[in-house]
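Notes follow the structure.
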Amino acid sequence: MGFRNSGVFRKALLLSLVFSSFLVGAVWAADPTGAKTIESNPGLAVDFVWVLLCGFLVMFMQAGFACVEAGFCRSKNSTNLMMKNLLDFVMGCLAFWAMGYAILMGKDWHGLIGTSGFFLAGKYYDVQTYLSFFWQLVFCATAATIVSGAVAERLKFSAYLIYSIVVSAFIYPVYAHWVWGGGWLSKLPFGLGHVDFAGSGVVHAIGGIVGLAGAIALGPRYGRFDKEGNPRPIPGHNIPLAALGVFILWFGWYGFNPGSTFSAHHLRISIIAVNTTLAAAAASLTAMLIVYAQTKKFDIGIALNGVLAGLVAITAPCAWVESWAAVVIGVIAGIILVIGTYLLEWLKIDDPVGAVPVHGFNGLWGIISVGIFADGTYGIYSIKPPFVKGLLYGGGFGQLLAQLIGAVALFAWAFTTAFILFKVMDAIMGIRVSPEEELHGLDIPEHGTPAYPEFITLRRR
Amino acid sequence: MKEVRAIIRPERLDEVLKALEEVGHPGVTVAQVEGHGRQTGLVEQFRGRTYKVDLLPKLEVRVVCKDEDVEKIMRAIREAAYTGEIGDGKIFVYPVLEAMRIRSGETGEQAI
């Protein structure tokens, strides 16, 4: 984005060593008081407020994820899911501050990785840099928290803490650097290079595909498939909680997408808000109707995940398409969600909350859809040309090709690094709880605190 | 003395309590129970996949009464709990050896 890619970081000395940023004094271009920044451009005040308010909304999506995941899983793992959603944010904040932000936005090294700004020290003590840091932080935390749903009810808490650090300090920032930090994907010689407005790919597909690797490395939960290999649904324990979580996420998305202009002066934010809404609605309705055709019931679980699927898919194209395209993107997202859910079952992969079809598959669809539907009315985080144009608006195959290359690179990077991470942790410390703990639920063995101490049920399938 | 235990649909509780009052037996204990009889359960669904639940939520209504009142209590409960559909429940009758009212120490039929 204009700011994400901008020269703020490049104007400074070229720093490539990890701790050399400590040596740089605050006297450089940095403006920790904010006085010079506001003097040079009084209009920045409204941009700061806009970006921070949207960032606060994105942070609140953590609550949405916690509710969805706990609601879609069994009561015996609720404490564990709340802790995972809390601690990935806690660990992620510190890891992203120490290292992640530098890799994402630091001085570019061969298009692969950023190399300056560790611990936000030295010249990074600056109001604009801190604004950028906060924005990137809440996005990083969103990617990290997606994974807990896919590995729910069986991953050791200790392994989850390590995973949180690695994804926030390395896996996410490296890919985000390729797209948003001036890395090689953003410089592809097709279309305007690979573009991903608010992160269908960078945030959601990374989270979803890392979750896929984790779910495969762990294997399915006990009882998810019978002896013949037929899938057995494990219903969630609190549908109202899951529904509340989806409403919170939908609301939070109004920070996630419109805030990604990084400027309140781009009135395109109204278009982004409408597109975001329409895609969510279209995907939810589509998914619900497909399941209705099969079971003759209006299934709330698929309608809720349908909302999220549409939101994920529209996240990359929301600034570059018009309303009819948002509806089409949403309808296809709903179809991908249902097919993806059944595909995982067919592959005997257990994803307790559906994070992989929602965030992984639809994240990839979102970035690809830009190459088809972008209509040439908005640029690279800019209201000035060059504008992003897809196949249907005379942009040719260039942009689509750039989007496809990004999708392949994303899958390869996220799946490979995450699968290695989970396998290495498994070899060293084991990543799956014992069968006894899994049957008993993780709440008491891992945390000592049952979520509902006075609540029992005899109900079984 | 006898104890009448009726396993009923939760939604019929109000009717059953009213019927017991009408036959003069307002004293009652109600418990939440789960189970199934000859019916094999219920089909539910989660995110597009259906599954069967074989223990269903029911209420158990317990009334202790004199031997000669058993028949009219059973009839009153049946009429109030009846819908004609599978899953209406069952009524069982057990002998009661002794009873005591805690407040006064009265025993036997005086206590019920």
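Chain labels run A, B, ... following the order of the structure tokens; each chain numbers its residues from 1, and ligands are numbered from 1 in the order shown.
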
Going by DSSP on the backbone, which residues of range 16-231 of chain A come out as alpha helix (DSSP H)? List them as a PyMOL selection string. chain A and resi 35-40+44-72+78-95+101-105+127-150+157-166+172-180+206-218

Tell me which protein, DNA and RNA residues are within 10 Å of Asp69 in chain B, counting only C-alpha atoms, leaving out same-chain ones fewer than 6 positions away, and put them as a ChimeraX atom specification. /B:1-2,23-25

With only C-alpha atoms counted and 10 Å as the cut-off, give the residues of chain A in contact with chain B, each with its shortest interatomic distance in Å and the pair that gives it, as CSV.
```
residue,atom,partner,partner_atom,distance
A:Phe72,CA,B:Phe46,CA,9.2
A:Pro231,CA,B:Arg49,CA,8.9
A:Arg232,CA,B:Tyr51,CA,7.3
A:Pro233,CA,B:Arg49,CA,6.3
A:Ile234,CA,B:Phe46,CA,7.7
A:Pro235,CA,B:Phe46,CA,5.6
A:Gly236,CA,B:Phe46,CA,7.7
A:Ile239,CA,B:Phe46,CA,9.8
A:Ala287,CA,B:Gly48,CA,9.3
A:Met288,CA,B:Gly48,CA,8.7
A:Ile290,CA,B:Gly48,CA,9.0
A:Val291,CA,B:Gly48,CA,5.6
A:Tyr292,CA,B:Gly48,CA,8.4
A:Gln294,CA,B:Gly48,CA,8.2
A:Thr295,CA,B:Gly48,CA,7.6
A:Lys297,CA,B:Gln45,CA,8.4
A:Phe298,CA,B:Gly48,CA,9.3
A:Asp299,CA,B:Arg47,CA,6.4
A:Ile300,CA,B:Arg47,CA,7.1
A:Gly301,CA,B:Arg47,CA,4.4
A:Ile302,CA,B:Arg47,CA,4.7
A:Ala303,CA,B:Arg47,CA,8.2
A:Leu304,CA,B:Arg47,CA,9.0
A:Asn305,CA,B:Arg47,CA,8.4
A:Val338,CA,B:Gly48,CA,8.2
A:Thr341,CA,B:Arg47,CA,8.8
A:Tyr342,CA,B:Gly48,CA,9.0
A:Val353,CA,B:Arg47,CA,9.2
A:Gly354,CA,B:Arg47,CA,8.9
A:Thr457,CA,B:Glu34,CA,9.0
A:Leu458,CA,B:Glu34,CA,6.9
A:Arg459,CA,B:Leu55,CA,5.7
A:Arg460,CA,B:Val53,CA,6.2
A:Arg461,CA,B:Val53,CA,4.6
```

Would you write out those residues with C-alpha atoms, as a PDB file, in the first residue's frame?
```pdb
ATOM      1  CA  PHE A  72     -18.027 -24.925  17.279  1.00  0.00           C
ATOM      2  CA  PRO A 231     -17.007 -39.050   8.731  1.00  0.00           C
ATOM      3  CA  ARG A 232     -18.857 -38.610  12.020  1.00  0.00           C
ATOM      4  CA  PRO A 233     -19.813 -35.005  12.797  1.00  0.00           C
ATOM      5  CA  ILE A 234     -18.748 -33.764  16.236  1.00  0.00           C
ATOM      6  CA  PRO A 235     -21.274 -30.999  16.925  1.00  0.00           C
ATOM      7  CA  GLY A 236     -20.190 -27.804  18.646  1.00  0.00           C
ATOM      8  CA  ILE A 239     -24.236 -22.349  18.681  1.00  0.00           C
ATOM      9  CA  ALA A 287     -23.875 -22.103   1.343  1.00  0.00           C
ATOM     10  CA  MET A 288     -27.157 -22.357   3.245  1.00  0.00           C
ATOM     11  CA  ILE A 290     -26.669 -25.868  -1.032  1.00  0.00           C
ATOM     12  CA  VAL A 291     -27.001 -27.649   2.301  1.00  0.00           C
ATOM     13  CA  TYR A 292     -30.770 -27.113   2.301  1.00  0.00           C
ATOM     14  CA  GLN A 294     -29.280 -31.925   0.610  1.00  0.00           C
ATOM     15  CA  THR A 295     -30.840 -32.099   4.083  1.00  0.00           C
ATOM     16  CA  LYS A 297     -32.822 -27.997   6.904  1.00  0.00           C
ATOM     17  CA  PHE A 298     -31.644 -24.404   7.233  1.00  0.00           C
ATOM     18  CA  ASP A 299     -28.202 -25.223   8.663  1.00  0.00           C
ATOM     19  CA  ILE A 300     -26.842 -22.475  10.919  1.00  0.00           C
ATOM     20  CA  GLY A 301     -23.271 -23.820  11.021  1.00  0.00           C
ATOM     21  CA  ILE A 302     -22.842 -23.570   7.272  1.00  0.00           C
ATOM     22  CA  ALA A 303     -24.666 -20.208   7.121  1.00  0.00           C
ATOM     23  CA  LEU A 304     -22.262 -18.778   9.736  1.00  0.00           C
ATOM     24  CA  ASN A 305     -19.169 -20.136   8.016  1.00  0.00           C
ATOM     25  CA  VAL A 338     -19.279 -26.358   0.928  1.00  0.00           C
ATOM     26  CA  THR A 341     -15.694 -28.813   3.707  1.00  0.00           C
ATOM     27  CA  TYR A 342     -16.648 -32.091   2.016  1.00  0.00           C
ATOM     28  CA  VAL A 353     -14.276 -25.347  12.936  1.00  0.00           C
ATOM     29  CA  GLY A 354     -13.846 -25.242   9.153  1.00  0.00           C
ATOM     30  CA  THR A 457     -24.488 -33.573  29.929  1.00  0.00           C
ATOM     31  CA  LEU A 458     -25.261 -37.213  29.266  1.00  0.00           C
ATOM     32  CA  ARG A 459     -26.100 -36.525  25.680  1.00  0.00           C
ATOM     33  CA  ARG A 460     -24.196 -38.625  23.202  1.00  0.00           C
ATOM     34  CA  ARG A 461     -24.475 -39.786  19.640  1.00  0.00           C
TER      35      ARG A 461
END
```

Might you pull out every residue within 12 Å of Lys389 in chain A, with only C-alpha atoms counted and same-chain residues fewer than 3 positions away left off, and present them as an NGL selection string? :A and (190-195 or 317 or 319-321 or 369-380 or 385-386 or 392-400 or 402-403)

Would you put the residues from that selection into a file with C-alpha atoms, as a PDB file, in the first residue's frame?
```pdb
ATOM      1  CA  PHE A 190       2.517  -8.997 -14.890  1.00  0.00           C
ATOM      2  CA  GLY A 191      -0.345  -6.584 -14.397  1.00  0.00           C
ATOM      3  CA  LEU A 192       0.642  -4.300 -11.541  1.00  0.00           C
ATOM      4  CA  GLY A 193       2.441  -7.143  -9.793  1.00  0.00           C
ATOM      5  CA  HIS A 194       0.690  -9.382  -7.303  1.00  0.00           C
ATOM      6  CA  VAL A 195      -1.862  -7.337  -5.333  1.00  0.00           C
ATOM      7  CA  PRO A 317     -10.725  -7.512  -4.237  1.00  0.00           C
ATOM      8  CA  ALA A 319     -11.308  -1.981  -3.225  1.00  0.00           C
ATOM      9  CA  TRP A 320     -11.059  -2.871  -6.897  1.00  0.00           C
ATOM     10  CA  VAL A 321     -14.492  -4.256  -7.858  1.00  0.00           C
ATOM     11  CA  SER A 369     -10.695 -13.057  -8.134  1.00  0.00           C
ATOM     12  CA  VAL A 370      -8.855  -9.717  -8.316  1.00  0.00           C
ATOM     13  CA  GLY A 371      -7.333 -10.806 -11.629  1.00  0.00           C
ATOM     14  CA  ILE A 372     -10.824 -11.440 -13.013  1.00  0.00           C
ATOM     15  CA  PHE A 373     -13.077  -8.702 -11.623  1.00  0.00           C
ATOM     16  CA  ALA A 374     -10.848  -5.651 -10.925  1.00  0.00           C
ATOM     17  CA  ASP A 375     -12.506  -2.817 -12.851  1.00  0.00           C
ATOM     18  CA  GLY A 376      -9.803  -0.162 -13.065  1.00  0.00           C
ATOM     19  CA  THR A 377     -11.215   2.410 -10.618  1.00  0.00           C
ATOM     20  CA  TYR A 378      -8.661   2.234  -7.805  1.00  0.00           C
ATOM     21  CA  GLY A 379      -4.897   1.937  -7.748  1.00  0.00           C
ATOM     22  CA  ILE A 380      -2.263   0.485  -5.476  1.00  0.00           C
ATOM     23  CA  PRO A 385      -3.382   5.592 -11.651  1.00  0.00           C
ATOM     24  CA  PRO A 386      -2.104   3.039 -12.413  1.00  0.00           C
ATOM     25  CA  LEU A 392     -13.277  -8.823 -17.551  1.00  0.00           C
ATOM     26  CA  TYR A 393     -12.344  -5.149 -17.822  1.00  0.00           C
ATOM     27  CA  GLY A 394      -9.775  -5.326 -20.556  1.00  0.00           C
ATOM     28  CA  GLY A 395      -6.815  -5.922 -18.289  1.00  0.00           C
ATOM     29  CA  GLY A 396      -5.901  -9.083 -20.165  1.00  0.00           C
ATOM     30  CA  PHE A 397      -4.393 -12.088 -18.435  1.00  0.00           C
ATOM     31  CA  GLY A 398      -1.480 -10.193 -16.874  1.00  0.00           C
ATOM     32  CA  GLN A 399      -3.083  -9.360 -13.538  1.00  0.00           C
ATOM     33  CA  LEU A 400      -4.709 -12.810 -13.333  1.00  0.00           C
ATOM     34  CA  ALA A 402       0.243 -12.304 -11.162  1.00  0.00           C
ATOM     35  CA  GLN A 403      -2.558 -13.349  -8.821  1.00  0.00           C
TER      36      GLN A 403
END
```

Can you list, as a ChimeraX atom specification, every protein, DNA or RNA residue that comes within 9 Å of range 92-105 of chain B when you count only C-alpha atoms, leaving out same-chain residues fewer than 4 positions away? /B:1-7,64,67,70,74,109-112

Which residues come within 7 Å of Pro32 in chain A, counting only C-alpha atoms, excluding same-chain residues fewer than 2 positions away, as a PyMOL selection string? chain A and resi 30+34+125-127
